[in-house]
file data-v3.tsv (TSV, C-alpha atoms)
chain	number	residue	atom	x	y	z
U	1	THR	CA	0.00	0.00	0.00
U	2	GLY	CA	2.93	2.35	0.55
U	3	PRO	CA	3.87	2.74	-3.13
U	4	THR	CA	0.17	3.00	-4.09
U	5	LYS	CA	-0.28	5.82	-1.59
U	6	SER	CA	2.79	7.52	-3.06
U	7	VAL	CA	1.23	7.39	-6.53
U	8	VAL	CA	-2.11	8.82	-5.40
U	9	THR	CA	-0.70	11.56	-3.17
U	10	ASN	CA	1.79	12.66	-5.84
U	11	GLY	CA	-0.81	12.55	-8.60
U	12	VAL	CA	-3.78	14.15	-6.86
U	13	ASP	CA	-3.88	17.21	-4.60
U	14	GLY	CA	-6.41	17.68	-1.82
U	15	LEU	CA	-7.46	20.83	0.01
U	16	MET	CA	-4.41	20.93	2.30
U	17	GLU	CA	-1.00	19.29	2.48
U	18	ALA	CA	1.87	19.01	4.94
U	19	ASP	CA	5.09	20.89	4.28
U	20	LYS	CA	8.53	19.42	4.99
U	21	TYR	CA	8.16	20.40	8.66
U	22	GLY	CA	4.77	18.70	9.02
U	23	ASN	CA	2.85	21.99	9.08
U	24	LEU	CA	-0.48	22.12	7.23
U	25	VAL	CA	-0.37	24.50	4.27
U	26	PRO	CA	-2.93	25.34	1.54
U	27	SER	CA	-2.99	23.20	-1.60
U	28	VAL	CA	-6.11	23.18	-3.79
U	29	ALA	CA	-7.71	25.39	-1.15
U	30	GLU	CA	-6.00	28.78	-1.24
U	31	ASP	CA	-7.82	30.00	1.88
U	32	TRP	CA	-10.36	28.83	4.47
U	33	SER	CA	-12.39	30.01	7.43
U	34	VAL	CA	-14.00	28.36	10.46
U	35	SER	CA	-17.27	29.37	12.11
U	36	LYS	CA	-17.18	30.51	15.75
U	37	ASP	CA	-18.81	27.27	16.94
U	38	GLY	CA	-16.11	25.25	15.15
U	39	LEU	CA	-18.65	23.29	13.10
U	40	THR	CA	-18.47	24.88	9.65
U	41	TYR	CA	-15.31	24.93	7.51
U	42	THR	CA	-15.44	26.99	4.31
U	43	TYR	CA	-12.71	26.62	1.70
U	44	LYS	CA	-11.92	28.83	-1.26
U	45	ILE	CA	-10.72	26.69	-4.18
U	46	ARG	CA	-7.88	28.04	-6.32
U	47	LYS	CA	-9.07	29.07	-9.76
U	48	GLY	CA	-7.17	27.75	-12.73
U	49	ILE	CA	-6.29	24.30	-11.37
U	50	LYS	CA	-7.02	21.70	-14.06
U	51	TRP	CA	-7.56	17.98	-14.30
U	52	TYR	CA	-5.23	16.17	-16.72
U	53	THR	CA	-5.19	12.69	-18.15
U	54	SER	CA	-2.18	10.40	-17.72
U	55	GLU	CA	-1.02	11.68	-21.13
U	56	GLY	CA	-1.02	15.28	-19.87
U	57	GLU	CA	-4.12	16.33	-21.82
U	58	GLU	CA	-6.41	18.87	-20.15
U	59	TYR	CA	-9.76	17.38	-19.10
U	60	ALA	CA	-11.65	19.91	-16.91
U	61	ASN	CA	-11.37	22.53	-14.18
U	62	VAL	CA	-11.05	21.38	-10.58
U	63	THR	CA	-14.11	22.71	-8.74
U	64	ALA	CA	-15.75	22.46	-5.33
U	65	LYS	CA	-18.21	19.90	-6.70
U	66	ASP	CA	-15.32	17.48	-7.24
U	67	PHE	CA	-14.84	17.20	-3.47
U	68	VAL	CA	-18.51	16.38	-2.98
U	69	THR	CA	-18.25	13.74	-5.72
U	70	GLY	CA	-15.07	12.37	-4.17
U	71	LEU	CA	-16.62	11.81	-0.75
U	72	LYS	CA	-19.80	10.30	-2.21
U	73	HIS	CA	-17.72	7.92	-4.32
U	74	ALA	CA	-15.67	6.90	-1.26
U	75	VAL	CA	-18.86	6.20	0.68
U	76	ASP	CA	-20.72	4.40	-2.11
U	77	SER	CA	-17.70	2.23	-2.91
U	78	LYS	CA	-17.30	1.38	0.80
U	79	ALA	CA	-13.77	2.75	1.08
U	80	GLY	CA	-11.85	1.12	3.90
U	81	GLY	CA	-10.91	4.41	5.56
U	82	ILE	CA	-14.42	5.88	5.72
U	83	TYR	CA	-14.48	5.36	9.50
U	84	LEU	CA	-12.01	8.25	9.75
U	85	VAL	CA	-14.72	10.77	8.89
U	86	GLN	CA	-18.07	9.00	9.35
U	87	ASP	CA	-18.56	10.45	12.84
U	88	SER	CA	-17.02	13.80	11.90
U	89	ILE	CA	-19.16	15.05	9.00
U	90	ALA	CA	-22.77	15.85	9.85
U	91	GLY	CA	-25.27	13.36	8.39
U	92	LEU	CA	-22.62	10.96	7.09
U	93	SER	CA	-23.19	8.18	9.64
U	94	ASP	CA	-26.94	8.30	8.87
U	95	TYR	CA	-26.22	7.99	5.13
U	96	LEU	CA	-23.91	5.06	5.78
U	97	SER	CA	-26.48	3.26	7.93
U	98	GLY	CA	-29.26	3.89	5.40
U	99	THR	CA	-31.31	6.01	7.81
U	100	ASN	CA	-30.85	8.83	5.31
U	101	LYS	CA	-30.69	7.88	1.65
U	102	ASP	CA	-30.16	11.40	0.26
U	103	PHE	CA	-26.48	12.39	0.08
U	104	SER	CA	-27.45	16.06	-0.22
U	105	ASN	CA	-28.25	15.90	3.51
U	106	VAL	CA	-24.62	15.06	4.30
U	107	GLY	CA	-22.52	17.99	5.54
U	108	VAL	CA	-20.48	18.65	2.40
U	109	LYS	CA	-21.68	21.31	-0.06
U	110	ALA	CA	-20.41	23.09	-3.15
U	111	ILE	CA	-21.69	26.62	-2.44
U	112	ASP	CA	-20.48	27.64	-5.90
U	113	ASP	CA	-17.79	26.44	-8.31
U	114	TYR	CA	-14.98	27.64	-6.07
U	115	THR	CA	-16.45	27.53	-2.55
U	116	LEU	CA	-16.63	24.28	-0.60
U	117	GLN	CA	-18.20	23.84	2.82
U	118	TYR	CA	-18.05	21.02	5.38
U	119	THR	CA	-20.37	20.90	8.39
U	120	LEU	CA	-19.19	18.78	11.31
U	121	LYS	CA	-21.19	16.97	14.01
U	122	LYS	CA	-18.91	18.36	16.73
U	123	PRO	CA	-15.88	20.66	16.78
U	124	GLU	CA	-12.63	19.00	15.67
U	125	PRO	CA	-9.65	21.38	15.93
U	126	TYR	CA	-7.66	18.80	13.91
U	127	TRP	CA	-10.20	18.61	11.06
U	128	ASN	CA	-7.90	20.23	8.49
U	129	SER	CA	-5.40	17.41	8.97
U	130	LYS	CA	-8.06	14.97	7.70
U	131	THR	CA	-8.27	16.83	4.40
U	132	THR	CA	-4.83	15.40	3.57
U	133	TYR	CA	-6.33	11.88	3.46
U	134	SER	CA	-7.03	10.53	-0.04
U	135	LEU	CA	-10.50	9.73	1.32
U	136	LEU	CA	-11.34	13.43	0.92
U	137	PHE	CA	-9.57	13.97	-2.40
U	138	PRO	CA	-11.56	15.40	-5.34
U	139	VAL	CA	-13.01	13.27	-8.16
U	140	ASN	CA	-14.40	14.61	-11.44
U	141	GLU	CA	-18.00	13.41	-11.80
U	142	ASP	CA	-18.02	13.21	-15.61
U	143	PHE	CA	-14.80	11.17	-15.66
U	144	LEU	CA	-16.11	8.89	-12.90
U	145	LYS	CA	-19.27	8.12	-14.88
U	146	ASN	CA	-17.32	7.46	-18.06
U	147	LYS	CA	-14.92	5.05	-16.34
U	148	GLY	CA	-17.55	3.23	-14.31
U	149	LYS	CA	-16.13	0.15	-12.56
U	150	ASP	CA	-12.72	0.78	-14.14
U	151	PHE	CA	-12.26	4.03	-12.18
U	152	GLY	CA	-9.17	3.81	-10.00
U	153	LYS	CA	-8.05	0.48	-11.43
U	154	SER	CA	-4.71	0.02	-9.72
U	155	THR	CA	-2.64	-1.10	-12.73
U	156	ASP	CA	-4.08	1.40	-15.22
U	157	PRO	CA	-2.62	4.97	-15.33
U	158	THR	CA	-5.62	6.09	-17.44
U	159	SER	CA	-8.12	5.11	-14.72
U	160	ILE	CA	-7.82	8.41	-12.81
U	161	LEU	CA	-7.31	12.09	-13.55
U	162	TYR	CA	-4.41	14.10	-12.18
U	163	ASN	CA	-4.26	17.58	-10.67
U	164	GLY	CA	-1.05	17.03	-8.71
U	165	PRO	CA	2.69	17.41	-9.35
U	166	PHE	CA	3.13	14.08	-11.15
U	167	LEU	CA	1.41	11.88	-13.71
U	168	LEU	CA	1.51	8.11	-13.48
U	169	LYS	CA	3.43	6.93	-16.54
U	170	SER	CA	3.37	3.19	-15.86
U	171	LEU	CA	2.58	0.66	-13.15
U	172	THR	CA	3.71	-2.92	-13.61
U	173	ALA	CA	2.73	-5.32	-10.83
U	174	LYS	CA	5.73	-6.73	-8.93
U	175	SER	CA	8.09	-4.69	-11.10
U	176	SER	CA	8.02	-0.89	-11.08
U	177	ILE	CA	6.01	2.33	-10.83
U	178	GLU	CA	7.06	5.35	-12.87
U	179	LEU	CA	5.94	8.96	-12.37
U	180	VAL	CA	6.67	11.94	-14.62
U	181	LYS	CA	6.40	15.63	-13.80
U	182	ASN	CA	3.06	17.29	-14.58
U	183	GLU	CA	4.23	20.22	-16.70
U	184	HIS	CA	0.89	22.01	-16.18
U	185	TYR	CA	0.88	21.72	-12.39
U	186	TRP	CA	-0.24	24.92	-10.65
U	187	ASP	CA	2.80	24.90	-8.32
U	188	LYS	CA	5.36	23.36	-10.68
U	189	LYS	CA	8.14	25.72	-9.57
U	190	ASN	CA	8.31	23.66	-6.38
U	191	VAL	CA	8.52	20.31	-8.16
U	192	HIS	CA	12.21	19.43	-8.30
U	193	PHE	CA	12.18	16.06	-10.03
U	194	ASP	CA	11.39	15.33	-13.66
U	195	ALA	CA	10.67	11.66	-12.99
U	196	ILE	CA	10.47	9.16	-10.11
U	197	LYS	CA	10.74	5.39	-10.31
U	198	PHE	CA	9.72	2.92	-7.59
U	199	SER	CA	11.21	-0.55	-7.92
U	200	TYR	CA	9.48	-3.61	-6.48
U	201	TYR	CA	11.17	-5.40	-3.60
U	202	ASP	CA	9.65	-8.29	-1.63
U	203	GLY	CA	12.64	-9.20	0.54
U	204	SER	CA	13.26	-12.57	-1.11
U	205	ASP	CA	16.65	-11.49	-2.48
U	206	GLN	CA	18.28	-9.25	0.11
U	207	ASP	CA	21.36	-8.64	-2.00
U	208	ALA	CA	19.23	-7.18	-4.82
U	209	LEU	CA	19.16	-3.80	-3.06
U	210	VAL	CA	22.94	-3.56	-2.90
U	211	ARG	CA	23.25	-4.66	-6.53
U	212	GLY	CA	20.80	-1.93	-7.52
U	213	PHE	CA	22.78	0.63	-5.53
U	214	THR	CA	26.04	-0.49	-7.14
U	215	ASP	CA	24.46	-0.25	-10.59
U	216	GLY	CA	23.24	3.29	-9.87
U	217	ALA	CA	19.53	2.44	-9.69
U	218	TYR	CA	19.21	3.72	-6.08
U	219	ASN	CA	20.78	6.61	-4.24
U	220	PHE	CA	20.73	4.56	-1.04
U	221	ALA	CA	19.95	0.94	-0.16
U	222	ARG	CA	19.29	-1.08	2.95
U	223	VAL	CA	21.89	-3.69	3.84
U	224	PHE	CA	21.29	-6.80	5.93
U	225	PRO	CA	24.11	-7.83	8.33
U	226	THR	CA	22.83	-11.42	8.31
U	227	SER	CA	22.81	-11.84	4.52
U	228	SER	CA	25.19	-14.31	2.91
U	229	ASN	CA	26.95	-11.54	0.97
U	230	TYR	CA	27.33	-9.03	3.80
U	231	ALA	CA	31.06	-9.55	4.34
U	232	SER	CA	31.86	-8.37	0.82
U	233	VAL	CA	29.33	-5.53	1.09
U	234	GLU	CA	30.90	-4.33	4.33
U	235	LYS	CA	34.38	-4.50	2.81
U	236	LYS	CA	33.31	-2.42	-0.20
U	237	TYR	CA	31.12	0.16	1.55
U	238	LYS	CA	32.30	0.05	5.16
U	239	ASP	CA	32.78	3.81	5.57
U	240	ASN	CA	29.32	4.49	4.16
U	241	ILE	CA	27.25	1.99	6.16
U	242	TYR	CA	25.25	3.50	9.02
U	243	TYR	CA	22.21	2.78	11.20
U	244	THR	CA	19.15	4.90	10.51
U	245	ALA	CA	16.84	6.15	13.22
U	246	PRO	CA	14.17	3.56	14.13
U	247	GLY	CA	10.89	3.91	12.27
U	248	ALA	CA	7.67	5.10	13.87
U	249	SER	CA	5.97	1.70	13.94
U	250	THR	CA	5.93	-0.74	16.85
U	251	SER	CA	5.06	-4.44	16.68
U	252	ALA	CA	3.36	-6.17	19.58
U	253	ILE	CA	1.67	-9.47	20.42
U	254	GLY	CA	-1.74	-9.62	22.07
U	255	ILE	CA	-3.26	-12.57	23.92
U	256	ASN	CA	-6.93	-13.47	23.51
U	257	ILE	CA	-8.04	-13.91	27.12
U	258	ASP	CA	-11.64	-14.61	26.11
U	259	ARG	CA	-11.18	-17.31	23.50
U	260	GLN	CA	-14.49	-18.66	22.18
U	261	SER	CA	-13.26	-20.91	19.38
U	262	TYR	CA	-10.50	-23.54	19.34
U	263	LYS	CA	-10.92	-24.45	15.66
U	264	TYR	CA	-7.34	-23.53	14.74
U	265	THR	CA	-5.65	-25.01	17.82
U	266	ALA	CA	-4.59	-28.49	18.90
U	267	LYS	CA	-7.05	-28.36	21.81
U	268	LYS	CA	-9.89	-30.86	21.26
U	269	THR	CA	-11.33	-31.94	24.61
U	270	ASP	CA	-13.32	-29.77	27.01
U	271	SER	CA	-10.64	-30.20	29.70
U	272	GLU	CA	-7.92	-29.01	27.29
U	273	LYS	CA	-9.99	-25.98	26.34
U	274	SER	CA	-10.87	-25.06	29.91
U	275	SER	CA	-7.26	-25.45	31.12
U	276	THR	CA	-6.07	-23.27	28.21
U	277	LYS	CA	-8.54	-20.56	29.12
U	278	LYS	CA	-7.56	-20.79	32.80
U	279	ALA	CA	-3.89	-20.37	31.87
U	280	LEU	CA	-4.55	-17.35	29.66
U	281	LEU	CA	-6.54	-15.70	32.45
U	282	ASN	CA	-3.59	-16.10	34.79
U	283	LYS	CA	-1.46	-12.95	34.92
U	284	ASP	CA	1.70	-14.83	35.91
U	285	PHE	CA	1.31	-17.17	32.91
U	286	ARG	CA	0.95	-14.21	30.51
U	287	GLN	CA	3.96	-12.47	32.06
U	288	ALA	CA	5.97	-15.69	31.71
U	289	ILE	CA	5.28	-15.66	27.96
U	290	ASN	CA	6.28	-12.00	27.83
U	291	PHE	CA	9.63	-12.60	29.57
U	292	ALA	CA	10.31	-15.75	27.55
U	293	ILE	CA	10.53	-13.82	24.28
U	294	ASP	CA	14.16	-12.97	23.51
U	295	ARG	CA	13.63	-9.70	21.69
U	296	LYS	CA	17.31	-9.18	20.91
U	297	ALA	CA	17.64	-12.63	19.33
U	298	TYR	CA	14.48	-12.00	17.31
U	299	GLN	CA	15.74	-8.65	16.01
U	300	SER	CA	19.19	-10.13	15.29
U	301	GLN	CA	17.71	-12.31	12.55
U	302	ILE	CA	17.53	-9.29	10.23
U	303	ASN	CA	19.50	-6.51	11.89
U	304	GLY	CA	22.48	-8.49	13.20
U	305	LYS	CA	23.74	-8.47	16.80
U	306	ASP	CA	24.96	-4.85	16.74
U	307	GLY	CA	21.77	-3.52	15.23
U	308	ALA	CA	19.34	-5.63	17.26
U	309	THR	CA	19.29	-3.49	20.41
U	310	LEU	CA	18.78	-0.35	18.33
U	311	ALA	CA	15.55	-1.81	16.97
U	312	VAL	CA	14.15	-3.14	20.28
U	313	ARG	CA	11.41	-1.16	21.98
U	314	ASN	CA	9.77	-1.91	25.31
U	315	LEU	CA	7.26	0.95	25.14
U	316	PHE	CA	4.75	2.15	22.56
U	317	VAL	CA	5.82	5.72	23.39
U	318	PRO	CA	9.53	6.67	22.95
U	319	SER	CA	11.21	6.60	26.37
U	320	ASP	CA	12.43	10.20	26.00
U	321	PHE	CA	9.19	11.55	24.53
U	322	VAL	CA	8.55	13.73	27.59
U	323	SER	CA	10.38	14.41	30.84
U	324	ALA	CA	9.38	15.31	34.38
U	325	GLY	CA	12.25	17.14	36.02
U	326	ASP	CA	15.40	15.15	35.31
U	327	LYS	CA	13.50	11.90	34.69
U	328	THR	CA	12.35	10.74	31.27
U	329	PHE	CA	9.09	8.97	30.56
U	330	GLY	CA	11.07	5.71	30.39
U	331	ASP	CA	12.57	6.32	33.85
U	332	LEU	CA	9.14	6.95	35.34
U	333	VAL	CA	7.68	3.80	33.75
U	334	THR	CA	10.64	1.77	35.04
U	335	GLU	CA	9.94	2.97	38.59
U	336	LYS	CA	6.22	2.32	38.31
U	337	MET	CA	6.58	-1.16	36.84
U	338	SER	CA	9.02	-2.15	39.60
U	339	SER	CA	6.19	-1.64	42.08
U	340	TYR	CA	4.13	-4.34	40.35
U	341	GLY	CA	6.51	-7.15	41.24
U	342	ASP	CA	10.16	-8.18	41.48
U	343	GLU	CA	10.01	-9.69	37.99
U	344	TRP	CA	9.84	-6.13	36.59
U	345	SER	CA	12.82	-4.88	38.56
U	346	GLY	CA	15.72	-3.86	36.37
U	347	VAL	CA	13.79	-3.91	33.08
U	348	ASN	CA	15.21	-1.19	30.82
U	349	PHE	CA	12.33	0.75	29.26
U	350	ALA	CA	14.70	2.99	27.31

call {"tool": "encode", "arguments": {"input": "data-v3.tsv", "output": "structure tokens"}}
result
Amino acid sequence: TGPTKSVVTNGVDGLMEADKYGNLVPSVAEDWSVSKDGLTYTYKIRKGIKWYTSEGEEYANVTAKDFVTGLKHAVDSKAGGIYLVQDSIAGLSDYLSGTNKDFSNVGVKAIDDYTLQYTLKKPEPYWNSKTTYSLLFPVNEDFLKNKGKDFGKSTDPTSILYNGPFLLKSLTAKSSIELVKNEHYWDKKNVHFDAIKFSYYDGSDQDALVRGFTDGAYNFARVFPTSSNYASVEKKYKDNIYYTAPGASTSAIGINIDRQSYKYTAKKTDSEKSSTKKALLNKDFRQAINFAIDRKAYQSQINGKDGATLAVRNLFVPSDFVSAGDKTFGDLVTEKMSSYGDEWSGVNFA
């Protein structure tokens, strides 16, 4: 989904976007205002922004109506992310449930060609950040009708229109995605690449990334300390190998303490099932599983021994995210957890 998101967000502009510092800045909306009660957001759409085909041919003007069409299409096609706004926009949850069958009663209106208005169920100071989701991107109604079920077909560059900085040139499954600069883009002076190419990588051949880097296909590549070819890679690029900052994601394992079905387990008899449930309801048993997992050994499988500890996290929140006096969040959690039992004493939450 990552590369697909990159195609959509580089090919289509929404009302707002985030700059390189993460601040929300105007995009298709050149200005906006919020009512005093925080329920009504009114956006002024830039005049002169056009829709283009994948071949760069002009199709139509981008108007406020396109945002209404976009949301209705997302709802009618049961977009997976609709939950993000269904309780935000007035009347939307009723339309989704079928209580209201008229989309014109939903809180999104094209006041005129270049004025768009959203009405919310309750104030959301962070509402503008939601306009960066593709869920709220514009869609041209005429084009949507012409394409029918083929609209947005993932492998077909001609299945959508483009109003963003790039056009999708080609998309070949399990191979590559190529983007080219939209020469008619309204803000093209800030587009600094003529073309972008994403290459497919599924992890099956770890050395493929280094080969691509050596051949000049990539400007950087991930290396794997546990790969069979790492010794030669390290010898060749030793002074240019470094550890990046950990990503923002965290993986965790949850235990189902209210299991109802044993269909996919080896437990067959009632006594086996009841003893399993009793074990899972026992805090000491769950903690034993937790402490039995060697996180460093697990991380070493990909990141090597030196990189393993850099990738291990014992908290969902970074340990130094906030501080109280001279103690970090991790220090405070360490102290608190120690009070729950000796087994937690000495656990490093940093």

call {"tool": "closest_residue", "arguments": {"input": "data-v3.tsv", "among": "U:Asn128, U:Thr115, U:Asn23, U:Asn146", "to": "U:Lys65", "atoms": "only C-alpha atoms"}}
result
U:Thr115

call {"tool": "residues_around", "arguments": {"input": "data-v3.tsv", "residues": "stretch 315-330 of chain U", "least_positions_apart": "4", "cutoff": "10 Å", "atoms": "all atoms listed in the file", "output": "list in words"}}
result
Ala248, Ser249, Thr250, Ser251, Ala252, Thr334, Glu335, Lys336, Asn348, Phe349 and Ala350 of chain U

call {"tool": "residues_around", "arguments": {"input": "data-v3.tsv", "residues": "U:Ala195", "least_positions_apart": "2", "cutoff": "12 Å", "atoms": "all atoms listed in the file", "output": "JSON, numbers by chain"}}
result
{"U": [10, 165, 166, 167, 168, 169, 170, 177, 178, 179, 180, 181, 182, 183, 191, 192, 193, 197, 198]}

call {"tool": "residues_around", "arguments": {"input": "data-v3.tsv", "residues": "U:Lys278", "least_positions_apart": "6", "cutoff": "12 Å", "atoms": "all atoms listed in the file", "output": "ChimeraX atom specification"}}
result
/U:256-259,271-272,284-286

call {"tool": "atom_distance", "arguments": {"input": "data-v3.tsv", "atom1": "atom CA of U:Ala64", "atom2": "atom CA of U:Leu116"}}
result
5.1 Å

call {"tool": "residues_near_point", "arguments": {"input": "data-v3.tsv", "point": "(19.8, -6.2, 17.6)", "cutoff": "12 Å", "atoms": "all atoms listed in the file", "output": "tab-separated table (two decimals) with C-alpha atoms, in the frame of the given file"}}
result
chain	number	residue	atom	x	y	z
U	224	PHE	CA	21.29	-6.80	5.93
U	225	PRO	CA	24.11	-7.83	8.33
U	226	THR	CA	22.83	-11.42	8.31
U	243	TYR	CA	22.21	2.78	11.20
U	246	PRO	CA	14.17	3.56	14.13
U	294	ASP	CA	14.16	-12.97	23.51
U	295	ARG	CA	13.63	-9.70	21.69
U	296	LYS	CA	17.31	-9.18	20.91
U	297	ALA	CA	17.64	-12.63	19.33
U	298	TYR	CA	14.48	-12.00	17.31
U	299	GLN	CA	15.74	-8.65	16.01
U	300	SER	CA	19.19	-10.13	15.29
U	301	GLN	CA	17.71	-12.31	12.55
U	302	ILE	CA	17.53	-9.29	10.23
U	303	ASN	CA	19.50	-6.51	11.89
U	304	GLY	CA	22.48	-8.49	13.20
U	305	LYS	CA	23.74	-8.47	16.80
U	306	ASP	CA	24.96	-4.85	16.74
U	307	GLY	CA	21.77	-3.52	15.23
U	308	ALA	CA	19.34	-5.63	17.26
U	309	THR	CA	19.29	-3.49	20.41
U	310	LEU	CA	18.78	-0.35	18.33
U	311	ALA	CA	15.55	-1.81	16.97
U	312	VAL	CA	14.15	-3.14	20.28
U	313	ARG	CA	11.41	-1.16	21.98

call {"tool": "residues_around", "arguments": {"input": "data-v3.tsv", "residues": "U:Phe103", "least_positions_apart": "5", "cutoff": "9 Å", "atoms": "all atoms listed in the file", "output": "short mmCIF file (atom, residue, chain, number, x, y, z; two decimals) with C-alpha atoms, keeping the file's coordinate frame"}}
result
data_model
loop_
_atom_site.label_atom_id
_atom_site.label_comp_id
_atom_site.auth_asym_id
_atom_site.auth_seq_id
_atom_site.Cartn_x
_atom_site.Cartn_y
_atom_site.Cartn_z
CA LYS U 72 -19.80 10.30 -2.21
CA GLY U 91 -25.27 13.36 8.39
CA LEU U 92 -22.62 10.96 7.09
CA TYR U 95 -26.22 7.99 5.13
CA VAL U 108 -20.48 18.65 2.40
#

call {"tool": "closest_residue", "arguments": {"input": "data-v3.tsv", "among": "U:Ile160, U:Ala292, U:Leu332, U:Leu39", "to": "U:Val12", "atoms": "only C-alpha atoms"}}
result
U:Ile160

call {"tool": "residues_around", "arguments": {"input": "data-v3.tsv", "residues": "U:Thr131", "least_positions_apart": "6", "cutoff": "7 Å", "atoms": "all atoms listed in the file", "output": "list in words"}}
result
Gly14, Leu15 and Met16 of chain U

call {"tool": "atom_distance", "arguments": {"input": "data-v3.tsv", "atom1": "atom CA of U:Asn219", "atom2": "atom CA of U:Tyr237"}}
result
13.5 Å

call {"tool": "atom_distance", "arguments": {"input": "data-v3.tsv", "atom1": "atom CA of U:Lys174", "atom2": "atom CA of U:Asp202"}}
result
8.4 Å

call {"tool": "closest_residue", "arguments": {"input": "data-v3.tsv", "among": "U:Ala29, U:Ile289, U:Leu281, U:Val34", "to": "U:Pro125", "atoms": "all atoms listed in the file"}}
result
U:Val34

call {"tool": "build_atoms", "arguments": {"input": "data-v3.tsv", "residues": "stretch 220-233 of chain U", "atoms": "N, CA, C and O atoms", "output": "mmCIF file, in the frame of the given file"}}
result
data_model
loop_
_atom_site.group_PDB
_atom_site.id
_atom_site.type_symbol
_atom_site.label_atom_id
_atom_site.label_comp_id
_atom_site.auth_asym_id
_atom_site.auth_seq_id
_atom_site.Cartn_x
_atom_site.Cartn_y
_atom_site.Cartn_z
ATOM 1 N N PHE U 220 20.360 5.217 -2.279
ATOM 2 C CA PHE U 220 20.730 4.560 -1.040
ATOM 3 C C PHE U 220 20.033 3.201 -1.016
ATOM 4 O O PHE U 220 19.063 2.979 -1.742
ATOM 5 N N ALA U 221 20.529 2.283 -0.211
ATOM 6 C CA ALA U 221 19.950 0.940 -0.160
ATOM 7 C C ALA U 221 20.139 0.362 1.230
ATOM 8 O O ALA U 221 21.165 0.597 1.893
ATOM 9 N N ARG U 222 19.168 -0.406 1.672
ATOM 10 C CA ARG U 222 19.290 -1.080 2.950
ATOM 11 C C ARG U 222 20.210 -2.288 2.801
ATOM 12 O O ARG U 222 20.168 -3.000 1.801
ATOM 13 N N VAL U 223 21.046 -2.496 3.816
ATOM 14 C CA VAL U 223 21.890 -3.690 3.840
ATOM 15 C C VAL U 223 21.491 -4.552 5.029
ATOM 16 O O VAL U 223 20.999 -4.040 6.045
ATOM 17 N N PHE U 224 21.694 -5.853 4.908
ATOM 18 C CA PHE U 224 21.290 -6.800 5.930
ATOM 19 C C PHE U 224 22.530 -7.509 6.490
ATOM 20 O O PHE U 224 23.153 -8.310 5.791
ATOM 21 N N PRO U 225 22.906 -7.230 7.744
ATOM 22 C CA PRO U 225 24.110 -7.830 8.330
ATOM 23 C C PRO U 225 24.097 -9.357 8.359
ATOM 24 O O PRO U 225 25.149 -9.980 8.498
ATOM 25 N N THR U 226 22.899 -9.961 8.252
ATOM 26 C CA THR U 226 22.830 -11.420 8.310
ATOM 27 C C THR U 226 22.778 -12.064 6.922
ATOM 28 O O THR U 226 22.659 -13.286 6.816
ATOM 29 N N SER U 227 22.859 -11.263 5.864
ATOM 30 C CA SER U 227 22.810 -11.840 4.520
ATOM 31 C C SER U 227 24.115 -12.553 4.181
ATOM 32 O O SER U 227 25.168 -12.252 4.748
ATOM 33 N N SER U 228 24.029 -13.485 3.263
ATOM 34 C CA SER U 228 25.190 -14.310 2.910
ATOM 35 C C SER U 228 26.317 -13.488 2.286
ATOM 36 O O SER U 228 27.490 -13.861 2.367
ATOM 37 N N ASN U 229 25.973 -12.344 1.702
ATOM 38 C CA ASN U 229 26.950 -11.540 0.970
ATOM 39 C C ASN U 229 27.440 -10.328 1.760
ATOM 40 O O ASN U 229 28.145 -9.481 1.233
ATOM 41 N N TYR U 230 27.060 -10.255 3.059
ATOM 42 C CA TYR U 230 27.330 -9.030 3.800
ATOM 43 C C TYR U 230 28.817 -8.739 3.980
ATOM 44 O O TYR U 230 29.232 -7.583 3.985
ATOM 45 N N ALA U 231 29.618 -9.770 4.122
ATOM 46 C CA ALA U 231 31.060 -9.550 4.340
ATOM 47 C C ALA U 231 31.672 -8.751 3.200
ATOM 48 O O ALA U 231 32.439 -7.799 3.421
ATOM 49 N N SER U 232 31.306 -9.091 1.965
ATOM 50 C CA SER U 232 31.860 -8.370 0.820
ATOM 51 C C SER U 232 31.260 -6.967 0.712
ATOM 52 O O SER U 232 31.936 -6.018 0.313
ATOM 53 N N VAL U 233 29.989 -6.847 1.101
ATOM 54 C CA VAL U 233 29.330 -5.530 1.090
ATOM 55 C C VAL U 233 30.011 -4.609 2.094
ATOM 56 O O VAL U 233 30.310 -3.449 1.800
#
